[in-house]
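The structure appears right after this line, and notes come after that.
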Amino acid sequence: MSAGRLPEREQRILDEMESVLRRDRQLTLRLWLLRLGPRTRRALANRPHPLTVALFAALSGTLLFIGLTTSSAGMVWAFAGLWSLTLIGFVRLLCRWTEP
């Protein structure tokens with residue numbers, strides 16, 4: 001809100017405009033992205049390729065099998081990390097495919 005230098009009618013109009021802008025989620029997201037650095041924005045804007053996600057899924061399955069057979073903590077952690085990236089990529093692909 002402003003410091004009250006405007007007439008009451010104009011202040012009320014400005015308050016209404018601010019409340020409408022605060023409810024706009026898309027604008028909030030864009031402003032948040034602008035505060036990030038250019039490298040972070042570029043990384044968030046990149047969309048995964050379906051073959052990359054399929055490769056990650058295959059590697060995750062391999063790491064899961066190796067981790068289960070050897071009971072190696074390192075393999076289980078590697079699987080957990082790669083599986084997380086696989087799920088994130090898959091969800092981003094689904095979002096892209098279901099966009100109107």
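Going through the structure tokens in order, the chains are called A, B, and so on, while each chain numbers its residues from 1 and the ligands are numbered from 1 in the order shown.
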Could you give me, as a tab-separated table, a per-residue list for region 2-74 of chain A showing, wherever an atom lies at most 12 Å from an atom of region 82-94 of chain A, the closest pair of atoms and their distance in Å to one decimal, using only C-alpha atoms and sorting by chain then residue number from low to high?
```
residue	atom	partner	partner_atom	distance
A:Leu44	CA	A:Arg92	CA	10.5
A:Ala45	CA	A:Arg92	CA	10.6
A:Asn46	CA	A:Arg92	CA	9.8
A:Arg47	CA	A:Arg92	CA	7.0
A:Pro48	CA	A:Gly89	CA	5.9
A:His49	CA	A:Leu93	CA	7.8
A:Pro50	CA	A:Leu93	CA	7.2
A:Leu51	CA	A:Gly89	CA	10.6
A:Thr52	CA	A:Gly89	CA	8.5
A:Val53	CA	A:Thr86	CA	5.9
A:Ala54	CA	A:Thr86	CA	8.2
A:Leu55	CA	A:Thr86	CA	8.8
A:Phe56	CA	A:Thr86	CA	5.6
A:Ala57	CA	A:Thr86	CA	6.0
A:Ala58	CA	A:Thr86	CA	9.5
A:Leu59	CA	A:Leu82	CA	7.8
A:Ser60	CA	A:Trp83	CA	5.6
A:Gly61	CA	A:Trp83	CA	8.6
A:Thr62	CA	A:Leu82	CA	10.7
A:Leu63	CA	A:Leu82	CA	8.7
A:Leu64	CA	A:Trp83	CA	9.2
```
Quick one: pull the distance between CA of Gln26 (chain A) and CA of Thr40 (chain A), Å, one decimal. 18.2 Å
Mind pulling up the distance from CA of Leu34 (chain A) to CA of Trp97 (chain A)?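 Computing the Euclidean distance for CA of Trp97 (chain A) and CA of Leu34 (chain A) yields 25.4 Å.
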I need the residues of chain A that end up classed as helix (DSSP H, G or I) by DSSP on the backbone, written out as an mmCIF file with N, CA and C atoms, in the first residue's frame.
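Output saved as selection32.cif:
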```
data_model
loop_
_atom_site.group_PDB
_atom_site.id
_atom_site.type_symbol
_atom_site.label_atom_id
_atom_site.label_comp_id
_atom_site.auth_asym_id
_atom_site.auth_seq_id
_atom_site.Cartn_x
_atom_site.Cartn_y
_atom_site.Cartn_z
ATOM 1 N N GLU A 8 -8.439 9.735 -1.730
ATOM 2 C CA GLU A 8 -9.047 8.489 -1.253
ATOM 3 C C GLU A 8 -9.554 7.617 -2.392
ATOM 4 N N ARG A 9 -10.199 8.208 -3.383
ATOM 5 C CA ARG A 9 -10.738 7.447 -4.502
ATOM 6 C C ARG A 9 -9.623 6.763 -5.288
ATOM 7 N N GLU A 10 -8.547 7.501 -5.577
ATOM 8 C CA GLU A 10 -7.435 6.930 -6.329
ATOM 9 C C GLU A 10 -6.710 5.859 -5.510
ATOM 10 N N GLN A 11 -6.615 6.085 -4.202
ATOM 11 C CA GLN A 11 -5.980 5.093 -3.336
ATOM 12 C C GLN A 11 -6.776 3.800 -3.330
ATOM 13 N N ARG A 12 -8.105 3.904 -3.311
ATOM 14 C CA ARG A 12 -8.957 2.729 -3.326
ATOM 15 C C ARG A 12 -8.785 1.963 -4.644
ATOM 16 N N ILE A 13 -8.723 2.691 -5.760
ATOM 17 C CA ILE A 13 -8.514 2.062 -7.066
ATOM 18 C C ILE A 13 -7.154 1.358 -7.104
ATOM 19 N N LEU A 14 -6.123 2.016 -6.589
ATOM 20 C CA LEU A 14 -4.794 1.429 -6.551
ATOM 21 C C LEU A 14 -4.769 0.173 -5.668
ATOM 22 N N ASP A 15 -5.445 0.208 -4.540
ATOM 23 C CA ASP A 15 -5.518 -0.959 -3.653
ATOM 24 C C ASP A 15 -6.199 -2.138 -4.338
ATOM 25 N N GLU A 16 -7.263 -1.853 -5.097
ATOM 26 C CA GLU A 16 -7.959 -2.919 -5.827
ATOM 27 C C GLU A 16 -7.047 -3.527 -6.892
ATOM 28 N N MET A 17 -6.315 -2.676 -7.598
ATOM 29 C CA MET A 17 -5.400 -3.168 -8.629
ATOM 30 C C MET A 17 -4.313 -4.041 -8.009
ATOM 31 N N GLU A 18 -3.773 -3.602 -6.861
ATOM 32 C CA GLU A 18 -2.741 -4.393 -6.194
ATOM 33 C C GLU A 18 -3.274 -5.746 -5.735
ATOM 34 N N SER A 19 -4.497 -5.780 -5.253
ATOM 35 C CA SER A 19 -5.051 -7.054 -4.791
ATOM 36 C C SER A 19 -5.288 -8.004 -5.965
ATOM 37 N N VAL A 20 -5.706 -7.473 -7.101
ATOM 38 C CA VAL A 20 -5.889 -8.309 -8.292
ATOM 39 C C VAL A 20 -4.538 -8.869 -8.759
ATOM 40 N N LEU A 21 -3.508 -8.022 -8.752
ATOM 41 C CA LEU A 21 -2.190 -8.477 -9.178
ATOM 42 C C LEU A 21 -1.609 -9.513 -8.217
ATOM 43 N N ARG A 22 -1.885 -9.396 -6.942
ATOM 44 C CA ARG A 22 -1.381 -10.375 -5.973
ATOM 45 C C ARG A 22 -2.026 -11.740 -6.176
ATOM 46 N N ARG A 23 -3.247 -11.779 -6.673
ATOM 47 C CA ARG A 23 -3.937 -13.057 -6.887
ATOM 48 C C ARG A 23 -3.512 -13.744 -8.178
ATOM 49 N N ARG A 25 -1.386 -15.797 -10.166
ATOM 50 C CA ARG A 25 -0.300 -16.747 -9.907
ATOM 51 C C ARG A 25 0.745 -16.735 -11.015
ATOM 52 N N GLN A 26 0.306 -16.580 -12.249
ATOM 53 C CA GLN A 26 1.241 -16.595 -13.369
ATOM 54 C C GLN A 26 2.195 -15.397 -13.284
ATOM 55 N N LEU A 27 1.670 -14.240 -12.913
ATOM 56 C CA LEU A 27 2.509 -13.064 -12.748
ATOM 57 C C LEU A 27 3.483 -13.259 -11.588
ATOM 58 N N THR A 28 3.019 -13.845 -10.509
ATOM 59 C CA THR A 28 3.883 -14.101 -9.363
ATOM 60 C C THR A 28 5.029 -15.023 -9.747
ATOM 61 N N LEU A 29 4.717 -16.062 -10.515
ATOM 62 C CA LEU A 29 5.753 -16.983 -10.966
ATOM 63 C C LEU A 29 6.761 -16.288 -11.871
ATOM 64 N N ARG A 30 6.285 -15.460 -12.789
ATOM 65 C CA ARG A 30 7.197 -14.747 -13.680
ATOM 66 C C ARG A 30 8.108 -13.802 -12.905
ATOM 67 N N LEU A 31 7.556 -13.093 -11.938
ATOM 68 C CA LEU A 31 8.380 -12.187 -11.135
ATOM 69 C C LEU A 31 9.400 -12.963 -10.314
ATOM 70 N N TRP A 32 9.014 -14.133 -9.810
ATOM 71 C CA TRP A 32 9.944 -14.968 -9.059
ATOM 72 C C TRP A 32 11.081 -15.434 -9.953
ATOM 73 N N LEU A 33 10.751 -15.829 -11.188
ATOM 74 C CA LEU A 33 11.782 -16.280 -12.122
ATOM 75 C C LEU A 33 12.734 -15.153 -12.497
ATOM 76 N N LEU A 34 12.228 -13.919 -12.571
ATOM 77 C CA LEU A 34 13.092 -12.789 -12.895
ATOM 78 C C LEU A 34 14.117 -12.527 -11.800
ATOM 79 N N ARG A 35 13.787 -12.853 -10.564
ATOM 80 C CA ARG A 35 14.724 -12.646 -9.458
ATOM 81 C C ARG A 35 15.854 -13.668 -9.465
ATOM 82 N N PRO A 38 20.390 -15.807 -14.491
ATOM 83 C CA PRO A 38 20.106 -16.261 -15.860
ATOM 84 C C PRO A 38 20.377 -17.754 -16.063
ATOM 85 N N ARG A 39 21.384 -18.311 -15.389
ATOM 86 C CA ARG A 39 21.661 -19.735 -15.556
ATOM 87 C C ARG A 39 20.543 -20.583 -14.953
ATOM 88 N N THR A 40 20.022 -20.165 -13.813
ATOM 89 C CA THR A 40 18.939 -20.903 -13.170
ATOM 90 C C THR A 40 17.674 -20.814 -14.012
ATOM 91 N N ARG A 41 17.384 -19.639 -14.555
ATOM 92 C CA ARG A 41 16.205 -19.485 -15.421
ATOM 93 C C ARG A 41 16.314 -20.382 -16.637
ATOM 94 N N ARG A 42 17.502 -20.452 -17.228
ATOM 95 C CA ARG A 42 17.696 -21.282 -18.412
ATOM 96 C C ARG A 42 17.509 -22.755 -18.071
ATOM 97 N N ALA A 43 18.013 -23.164 -16.923
ATOM 98 C CA ALA A 43 17.873 -24.567 -16.521
ATOM 99 C C ALA A 43 16.416 -24.926 -16.257
ATOM 100 N N LEU A 44 15.662 -24.010 -15.660
ATOM 101 C CA LEU A 44 14.250 -24.271 -15.401
ATOM 102 C C LEU A 44 13.419 -24.250 -16.678
ATOM 103 N N ALA A 45 13.876 -23.485 -17.679
ATOM 104 C CA ALA A 45 13.122 -23.382 -18.930
ATOM 105 C C ALA A 45 13.345 -24.586 -19.833
ATOM 106 N N PRO A 50 12.139 -36.856 -24.510
ATOM 107 C CA PRO A 50 11.608 -38.171 -24.122
ATOM 108 C C PRO A 50 12.664 -39.274 -24.098
ATOM 109 N N LEU A 51 13.620 -39.234 -25.024
ATOM 110 C CA LEU A 51 14.667 -40.251 -25.025
ATOM 111 C C LEU A 51 15.570 -40.132 -23.798
ATOM 112 N N THR A 52 15.803 -38.915 -23.348
ATOM 113 C CA THR A 52 16.608 -38.714 -22.143
ATOM 114 C C THR A 52 15.913 -39.324 -20.931
ATOM 115 N N VAL A 53 14.613 -39.095 -20.823
ATOM 116 C CA VAL A 53 13.858 -39.656 -19.704
ATOM 117 C C VAL A 53 13.843 -41.178 -19.792
ATOM 118 N N ALA A 54 13.718 -41.714 -20.988
ATOM 119 C CA ALA A 54 13.742 -43.170 -21.146
ATOM 120 C C ALA A 54 15.108 -43.741 -20.771
ATOM 121 N N LEU A 55 16.182 -43.051 -21.145
ATOM 122 C CA LEU A 55 17.521 -43.488 -20.770
ATOM 123 C C LEU A 55 17.699 -43.451 -19.253
ATOM 124 N N PHE A 56 17.244 -42.375 -18.621
ATOM 125 C CA PHE A 56 17.314 -42.284 -17.160
ATOM 126 C C PHE A 56 16.524 -43.414 -16.504
ATOM 127 N N ALA A 57 15.366 -43.751 -17.060
ATOM 128 C CA ALA A 57 14.560 -44.833 -16.491
ATOM 129 C C ALA A 57 15.293 -46.168 -16.614
ATOM 130 N N ALA A 58 15.921 -46.398 -17.757
ATOM 131 C CA ALA A 58 16.671 -47.645 -17.939
ATOM 132 C C ALA A 58 17.865 -47.719 -16.985
ATOM 133 N N LEU A 59 18.581 -46.608 -16.854
ATOM 134 C CA LEU A 59 19.711 -46.585 -15.922
ATOM 135 C C LEU A 59 19.248 -46.748 -14.475
ATOM 136 N N SER A 60 18.105 -46.166 -14.153
ATOM 137 C CA SER A 60 17.560 -46.321 -12.798
ATOM 138 C C SER A 60 17.226 -47.778 -12.514
ATOM 139 N N GLY A 61 16.625 -48.438 -13.485
ATOM 140 C CA GLY A 61 16.313 -49.864 -13.315
ATOM 141 C C GLY A 61 17.564 -50.696 -13.133
ATOM 142 N N THR A 62 18.599 -50.370 -13.904
ATOM 143 C CA THR A 62 19.871 -51.084 -13.770
ATOM 144 C C THR A 62 20.481 -50.859 -12.393
ATOM 145 N N LEU A 63 20.495 -49.606 -11.952
ATOM 146 C CA LEU A 63 21.040 -49.307 -10.626
ATOM 147 C C LEU A 63 20.222 -49.961 -9.518
ATOM 148 N N LEU A 64 18.916 -50.030 -9.701
ATOM 149 C CA LEU A 64 18.073 -50.700 -8.706
ATOM 150 C C LEU A 64 18.440 -52.180 -8.619
ATOM 151 N N PHE A 65 18.584 -52.817 -9.754
ATOM 152 C CA PHE A 65 18.937 -54.242 -9.771
ATOM 153 C C PHE A 65 20.304 -54.467 -9.123
ATOM 154 N N ILE A 66 21.281 -53.646 -9.505
ATOM 155 C CA ILE A 66 22.627 -53.792 -8.935
ATOM 156 C C ILE A 66 22.604 -53.515 -7.431
ATOM 157 N N GLY A 67 21.878 -52.487 -7.033
ATOM 158 C CA GLY A 67 21.803 -52.151 -5.616
ATOM 159 C C GLY A 67 21.144 -53.244 -4.796
ATOM 160 N N LEU A 68 20.129 -53.887 -5.354
ATOM 161 C CA LEU A 68 19.456 -54.968 -4.621
ATOM 162 C C LEU A 68 20.301 -56.227 -4.537
ATOM 163 N N THR A 69 21.029 -56.531 -5.596
ATOM 164 C CA THR A 69 21.823 -57.764 -5.588
ATOM 165 C C THR A 69 23.096 -57.630 -4.768
ATOM 166 N N THR A 70 23.696 -56.442 -4.757
ATOM 167 C CA THR A 70 24.960 -56.271 -4.033
ATOM 168 C C THR A 70 24.760 -55.695 -2.640
ATOM 169 N N ALA A 73 25.369 -49.622 -0.405
ATOM 170 C CA ALA A 73 24.702 -48.357 -0.064
ATOM 171 C C ALA A 73 24.924 -47.308 -1.151
ATOM 172 N N GLY A 74 26.116 -47.311 -1.753
ATOM 173 C CA GLY A 74 26.401 -46.349 -2.817
ATOM 174 C C GLY A 74 25.491 -46.532 -4.018
ATOM 175 N N MET A 75 25.241 -47.778 -4.387
ATOM 176 C CA MET A 75 24.359 -48.053 -5.523
ATOM 177 C C MET A 75 22.917 -47.662 -5.205
ATOM 178 N N VAL A 76 22.498 -47.899 -3.989
ATOM 179 C CA VAL A 76 21.127 -47.536 -3.605
ATOM 180 C C VAL A 76 20.964 -46.021 -3.634
ATOM 181 N N TRP A 77 21.984 -45.285 -3.150
ATOM 182 C CA TRP A 77 21.909 -43.823 -3.187
ATOM 183 C C TRP A 77 21.974 -43.302 -4.620
ATOM 184 N N ALA A 78 22.792 -43.934 -5.456
ATOM 185 C CA ALA A 78 22.845 -43.538 -6.869
ATOM 186 C C ALA A 78 21.492 -43.769 -7.537
ATOM 187 N N PHE A 79 20.869 -44.910 -7.220
ATOM 188 C CA PHE A 79 19.537 -45.174 -7.749
ATOM 189 C C PHE A 79 18.549 -44.112 -7.283
ATOM 190 N N ALA A 80 18.596 -43.765 -5.992
ATOM 191 C CA ALA A 80 17.655 -42.781 -5.451
ATOM 192 C C ALA A 80 17.810 -41.427 -6.150
ATOM 193 N N GLY A 81 19.039 -41.012 -6.369
ATOM 194 C CA GLY A 81 19.264 -39.736 -7.048
ATOM 195 C C GLY A 81 18.806 -39.752 -8.491
ATOM 196 N N LEU A 82 19.160 -40.800 -9.208
ATOM 197 C CA LEU A 82 18.774 -40.884 -10.617
ATOM 198 C C LEU A 82 17.272 -41.091 -10.775
ATOM 199 N N TRP A 83 16.677 -41.841 -9.883
ATOM 200 C CA TRP A 83 15.233 -42.059 -9.942
ATOM 201 C C TRP A 83 14.483 -40.744 -9.716
ATOM 202 N N SER A 84 14.992 -39.908 -8.819
ATOM 203 C CA SER A 84 14.367 -38.600 -8.590
ATOM 204 C C SER A 84 14.410 -37.757 -9.861
ATOM 205 N N LEU A 85 15.562 -37.738 -10.524
ATOM 206 C CA LEU A 85 15.668 -36.987 -11.778
ATOM 207 C C LEU A 85 14.746 -37.564 -12.848
ATOM 208 N N THR A 86 14.617 -38.876 -12.868
ATOM 209 C CA THR A 86 13.736 -39.540 -13.840
ATOM 210 C C THR A 86 12.282 -39.129 -13.610
ATOM 211 N N LEU A 87 11.860 -39.137 -12.360
ATOM 212 C CA LEU A 87 10.473 -38.744 -12.066
ATOM 213 C C LEU A 87 10.211 -37.290 -12.398
ATOM 214 N N ILE A 88 11.162 -36.429 -12.077
ATOM 215 C CA ILE A 88 10.996 -35.002 -12.400
ATOM 216 C C ILE A 88 10.883 -34.822 -13.908
ATOM 217 N N GLY A 89 11.757 -35.492 -14.664
ATOM 218 C CA GLY A 89 11.688 -35.393 -16.119
ATOM 219 C C GLY A 89 10.382 -35.932 -16.669
ATOM 220 N N PHE A 90 9.914 -37.044 -16.117
ATOM 221 C CA PHE A 90 8.654 -37.631 -16.575
ATOM 222 C C PHE A 90 7.476 -36.701 -16.299
ATOM 223 N N VAL A 91 7.451 -36.102 -15.123
ATOM 224 C CA VAL A 91 6.360 -35.175 -14.788
ATOM 225 C C VAL A 91 6.404 -33.958 -15.699
ATOM 226 N N ARG A 92 7.602 -33.449 -15.971
ATOM 227 C CA ARG A 92 7.705 -32.289 -16.874
ATOM 228 C C ARG A 92 7.255 -32.650 -18.291
ATOM 229 N N LEU A 93 7.566 -33.872 -18.737
ATOM 230 C CA LEU A 93 7.083 -34.320 -20.048
ATOM 231 C C LEU A 93 5.561 -34.405 -20.067
ATOM 232 N N LEU A 94 4.989 -34.972 -19.025
ATOM 233 C CA LEU A 94 3.524 -35.063 -18.951
ATOM 234 C C LEU A 94 2.880 -33.681 -18.974
ATOM 235 N N CYS A 95 3.465 -32.748 -18.261
ATOM 236 C CA CYS A 95 2.942 -31.379 -18.256
ATOM 237 C C CYS A 95 3.001 -30.766 -19.640
ATOM 238 N N ARG A 96 4.114 -31.001 -20.347
ATOM 239 C CA ARG A 96 4.247 -30.453 -21.696
ATOM 240 C C ARG A 96 3.224 -31.082 -22.640
ATOM 241 N N TRP A 97 3.024 -32.391 -22.525
ATOM 242 C CA TRP A 97 2.090 -33.082 -23.428
ATOM 243 C C TRP A 97 0.640 -32.746 -23.149
#
```
